[in-house]
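> Got a structure for you, model_25.cif, holding mmCIF, C-alpha atoms.
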data_entry
loop_
_atom_site.label_atom_id
_atom_site.label_comp_id
_atom_site.auth_asym_id
_atom_site.auth_seq_id
_atom_site.Cartn_x
_atom_site.Cartn_y
_atom_site.Cartn_z
CA MET A 1 37.18 69.26 86.41
CA SER A 2 40.70 70.38 87.33
CA GLN A 3 41.58 73.99 88.08
CA LYS A 4 43.65 74.06 84.89
CA LEU A 5 40.77 72.92 82.67
CA GLU A 6 38.35 75.29 84.39
CA LEU A 7 40.70 78.17 83.66
CA LEU A 8 41.33 77.05 80.06
CA ASN A 9 37.57 77.23 79.52
CA GLN A 10 37.69 80.91 80.57
CA VAL A 11 40.47 81.76 78.12
CA ASP A 12 39.11 82.94 74.77
CA ILE A 13 41.93 81.32 72.83
CA PHE A 14 41.70 77.88 74.41
CA LYS A 15 38.04 77.33 75.26
CA SER A 16 37.31 76.37 71.65
CA LEU A 17 39.93 73.58 71.62
CA ASP A 18 38.64 70.03 71.61
CA ASN A 19 39.01 67.89 74.75
CA SER A 20 42.13 66.15 73.48
CA ALA A 21 43.92 69.45 72.78
CA GLN A 22 42.82 70.90 76.12
CA ASN A 23 44.13 67.81 77.92
CA ARG A 24 47.49 68.10 76.13
CA LEU A 25 47.65 71.78 77.02
CA GLU A 26 46.73 71.05 80.64
CA SER A 27 49.59 68.56 80.86
CA ILE A 28 52.22 71.20 80.02
CA MET A 29 50.86 73.96 82.27
CA GLU A 30 52.71 74.60 85.52
CA LYS A 31 51.53 76.66 88.46
CA ARG A 32 53.74 79.39 89.87
CA VAL A 33 53.35 81.84 92.73
CA ILE A 34 54.27 85.41 91.78
CA SER A 35 55.29 88.19 94.16
CA ALA A 36 54.54 91.90 94.11
CA GLY A 37 57.25 93.70 92.13
CA GLU A 38 58.45 90.56 90.34
CA ASP A 39 59.34 90.86 86.66
CA LEU A 40 57.75 88.02 84.70
CA ALA A 41 59.17 89.21 81.38
CA ILE A 42 61.44 92.03 80.26
CA GLN A 43 61.09 93.68 76.87
CA GLY A 44 63.81 92.35 74.57
CA GLY A 45 64.43 89.29 76.72
CA GLN A 46 64.08 85.71 75.56
CA ALA A 47 60.40 84.70 75.43
CA LEU A 48 60.46 81.41 77.30
CA PHE A 49 56.99 81.37 78.84
CA PHE A 50 53.39 82.31 78.22
CA PHE A 51 51.29 83.13 81.30
CA ILE A 52 47.65 82.60 82.22
CA LEU A 53 46.60 84.62 85.24
CA ILE A 54 44.99 82.73 88.11
CA SER A 55 45.03 85.57 90.63
CA GLY A 56 46.80 88.87 91.19
CA ARG A 57 47.47 91.83 88.95
CA VAL A 58 50.09 92.00 86.21
CA LEU A 59 51.14 95.22 84.51
CA LEU A 60 52.08 95.01 80.85
CA SER A 61 54.05 98.06 79.74
CA THR A 62 55.41 98.91 76.31
CA LYS A 63 58.52 100.83 75.35
CA GLU A 64 56.11 103.53 74.07
CA GLU A 65 55.04 104.01 77.72
CA LYS A 66 51.57 102.55 77.26
CA ALA A 67 50.24 100.04 79.75
CA VAL A 68 47.40 97.72 80.65
CA ILE A 69 46.71 95.80 83.85
CA PHE A 70 45.65 92.16 83.65
CA LYS A 71 43.55 91.21 86.67
CA LYS A 72 40.93 88.67 85.58
CA PRO A 73 41.47 84.93 85.98
CA GLY A 74 42.11 83.62 82.48
CA ASP A 75 43.88 86.74 81.20
CA PHE A 76 46.87 85.59 79.21
CA ILE A 77 50.12 87.32 78.49
CA GLY A 78 53.47 86.72 76.84
CA PHE A 79 52.32 85.27 73.56
CA GLU A 80 55.52 86.42 71.83
CA LEU A 81 56.70 82.89 72.53
CA LEU A 82 55.18 81.86 69.20
CA SER A 83 57.24 84.30 67.15
CA LEU A 84 60.24 82.98 65.29
CA ASN A 85 62.63 85.31 67.09
CA GLY A 86 61.10 84.51 70.50
CA LYS A 87 61.66 87.90 72.13
CA TYR A 88 59.30 89.62 74.54
CA THR A 89 58.08 92.89 73.03
CA ASN A 90 56.75 94.19 76.36
CA THR A 91 57.58 94.09 80.07
CA LEU A 92 55.38 92.19 82.54
CA LYS A 93 55.51 93.04 86.25
CA SER A 94 53.44 91.56 89.05
CA LEU A 95 51.78 94.38 90.99
CA ILE A 96 50.57 92.20 93.87
CA ASP A 97 51.12 88.64 95.04
CA GLY A 98 49.25 86.09 92.97
CA GLU A 99 49.49 82.95 90.89
CA VAL A 100 49.86 82.12 87.22
CA PHE A 101 49.96 79.03 85.10
CA PHE A 102 52.87 79.18 82.73
CA LEU A 103 53.55 77.29 79.54
CA ASN A 104 57.03 76.61 78.29
CA ARG A 105 57.69 77.85 74.73
CA GLU A 106 59.29 74.63 73.47
CA LYS A 107 56.62 72.37 74.93
CA PHE A 108 53.82 74.54 73.53
CA LEU A 109 55.40 74.69 70.06
CA GLU A 110 55.84 70.92 70.16
CA MET A 111 52.17 70.50 71.12
CA ILE A 112 50.84 72.59 68.22
CA HIS A 113 53.43 71.39 65.66
CA GLY A 114 51.75 70.03 62.57
CA ASP A 115 48.25 71.28 63.42
CA ALA A 116 47.86 74.25 61.08
CA THR A 117 44.15 74.61 61.86
CA MET A 118 44.80 74.90 65.59
CA VAL A 119 47.60 77.42 65.05
CA GLU A 120 45.45 79.52 62.72
CA ASN A 121 42.55 79.46 65.18
CA ILE A 122 44.77 80.37 68.16
CA MET A 123 46.42 83.24 66.27
CA SER A 124 43.09 84.66 65.12
CA LEU A 125 41.64 84.51 68.63
CA TRP A 126 44.85 86.03 70.06
CA GLY A 127 44.54 88.97 67.65
CA ASN A 128 40.91 89.50 68.66
CA TYR A 129 41.86 89.37 72.34
CA LEU A 130 44.58 92.00 71.88
CA LEU A 131 42.27 94.29 69.94
CA LYS A 132 39.75 94.09 72.77
CA THR A 133 42.18 94.27 75.69
CA ALA A 134 45.08 96.46 74.55
CA PRO A 135 44.79 97.64 70.95
CA PHE A 136 48.01 99.66 71.26
CA ILE A 137 50.13 96.53 71.70
CA LYS A 138 52.26 95.58 68.73
CA LYS A 139 51.34 92.32 67.09
CA LEU A 140 54.01 90.02 65.77
CA ASP A 141 53.31 88.58 62.35
CA PHE A 142 55.00 85.35 63.46
CA THR A 143 57.65 85.51 60.79
CA GLY A 144 59.80 87.58 63.14
CA ALA A 145 58.70 90.99 61.87
CA GLU A 146 56.41 93.29 63.79
CA SER A 147 53.24 94.93 62.59
CA ILE A 148 50.63 97.15 64.23
CA TYR A 149 46.90 96.35 64.21
#
Would you mind writing the structure in this file as structure tokens?


Amino acid sequence: MSQKLELLNQVDIFKSLDNSAQNRLESIMEKRVISAGEDLAIQGGQALFFFILISGRVLLSTKEEKAVIFKKPGDFIGFELLSLNGKYTNTLKSLIDGEVFFLNREKFLEMIHGDATMVENIMSLWGNYLLKTAPFIKKLDFTGAESIY
């Protein structure tokens, strides 16, 4: 099994996908080395990528000065890419050197286009993940408006 598929099976959102969907997802994932101090996303900036942590530590901070550190392989961040307005609502900064897999917004949207069941499942699991990991993070309702859990 590839490193990508092994990691997908650790990610709450994606481990329930069937083999075909996981293979499609694997094909659009790209590996990237990240450096300590590097900004992966800036609040208000265009949401172009969604990240799955392989190694390292990534700080997510909100404009309300709340924060959480992602440090476990399979932690995923940057899911604002699914919102209609496609803006990051938080800032992501690498605290140490590491690696991530990233998914391009357009390629991911193309992959899930037309599969309402998959989208519904992913969004539900994403909400559960946020509640567990960082309940203070604003959730987008995916019509462009924000709501709080």

> How many Å separate CA of Asp97 (chain A) from CA of Ala41 (chain A)?

15.9 Å

> Quick one: residues within 7 Å of Phe51 (chain A), only C-alpha atoms, excluding same-chain residues fewer than 3 positions away - as a compact mmCIF listing (two decimals) with C-alpha atoms, keeping the file's coordinate frame?


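Generated output (around-v8.txt):
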# COMPACT_ATOMS: atom_id res chain seq x y z
CA PHE A 76 46.87 85.59 79.21
CA ILE A 77 50.12 87.32 78.49
CA GLY A 78 53.47 86.72 76.84
CA VAL A 100 49.86 82.12 87.22
CA PHE A 101 49.96 79.03 85.10
CA PHE A 102 52.87 79.18 82.73
CA LEU A 103 53.55 77.29 79.54

> Using only C-alpha atoms, which of A:Asn128, A:Ser94, A:Asn9, A:Ser16 sits nearest Gly56 (chain A)?

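Closest residue, counting only C-alpha atoms: A:Ser94.
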
> Have a look at CA of Leu130 (chain A) and CA of Met1 (chain A) and let me know their distance in Å, one decimal.

28.0 Å

> Apply the PyMOL selection byres ((chain A and resi 61-69) around 12) to the structure shown and report the selected residues as a CSV table (one decimal) with C-alpha atoms, in the coordinates of the input.


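Just written: selection_20.csv:
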chain,number,residue,atom,x,y,z
A,39,ASP,CA,59.3,90.9,86.7
A,40,LEU,CA,57.8,88.0,84.7
A,41,ALA,CA,59.2,89.2,81.4
A,42,ILE,CA,61.4,92.0,80.3
A,43,GLN,CA,61.1,93.7,76.9
A,44,GLY,CA,63.8,92.4,74.6
A,53,LEU,CA,46.6,84.6,85.2
A,56,GLY,CA,46.8,88.9,91.2
A,57,ARG,CA,47.5,91.8,89.0
A,58,VAL,CA,50.1,92.0,86.2
A,59,LEU,CA,51.1,95.2,84.5
A,60,LEU,CA,52.1,95.0,80.8
A,70,PHE,CA,45.6,92.2,83.6
A,71,LYS,CA,43.6,91.2,86.7
A,72,LYS,CA,40.9,88.7,85.6
A,75,ASP,CA,43.9,86.7,81.2
A,76,PHE,CA,46.9,85.6,79.2
A,77,ILE,CA,50.1,87.3,78.5
A,78,GLY,CA,53.5,86.7,76.8
A,88,TYR,CA,59.3,89.6,74.5
A,89,THR,CA,58.1,92.9,73.0
A,90,ASN,CA,56.8,94.2,76.4
A,91,THR,CA,57.6,94.1,80.1
A,92,LEU,CA,55.4,92.2,82.5
A,93,LYS,CA,55.5,93.0,86.2
A,94,SER,CA,53.4,91.6,89.0
A,95,LEU,CA,51.8,94.4,91.0
A,96,ILE,CA,50.6,92.2,93.9
A,130,LEU,CA,44.6,92.0,71.9
A,132,LYS,CA,39.8,94.1,72.8
A,133,THR,CA,42.2,94.3,75.7
A,134,ALA,CA,45.1,96.5,74.6
A,135,PRO,CA,44.8,97.6,71.0
A,136,PHE,CA,48.0,99.7,71.3
A,137,ILE,CA,50.1,96.5,71.7
A,138,LYS,CA,52.3,95.6,68.7

> Could you tell me which residues the PyMOL selection byres ((chain A and resi 13) around 12) returns for this structure, as a PyMOL selection string?

chain A and resi 7-12+14-18+22+25+52+74-77+79+118-130

> Using only C-alpha atoms, which residue out of A:Lys4, A:His113, A:Arg24, A:Arg32 lies closest to Phe49 (chain A)?

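Among A:Lys4, A:His113, A:Arg24, A:Arg32, it is A:Arg32 that comes nearest to Phe49 (chain A).
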
> With only C-alpha atoms as the basis for distance, which of A:Pro73, A:Asn85, A:Gln46, A:Leu5 is at the shortest distance from Ala21 (chain A)?

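Answer, going by the shortest atom-to-atom distance: A:Leu5.
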
> One decimal, in Å: what's the spacing between CA of Ser35 (chain A) and CA of Arg105 (chain A)?

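Between CA of Ser35 (chain A) and CA of Arg105 (chain A) the gap is 22.1 Å.
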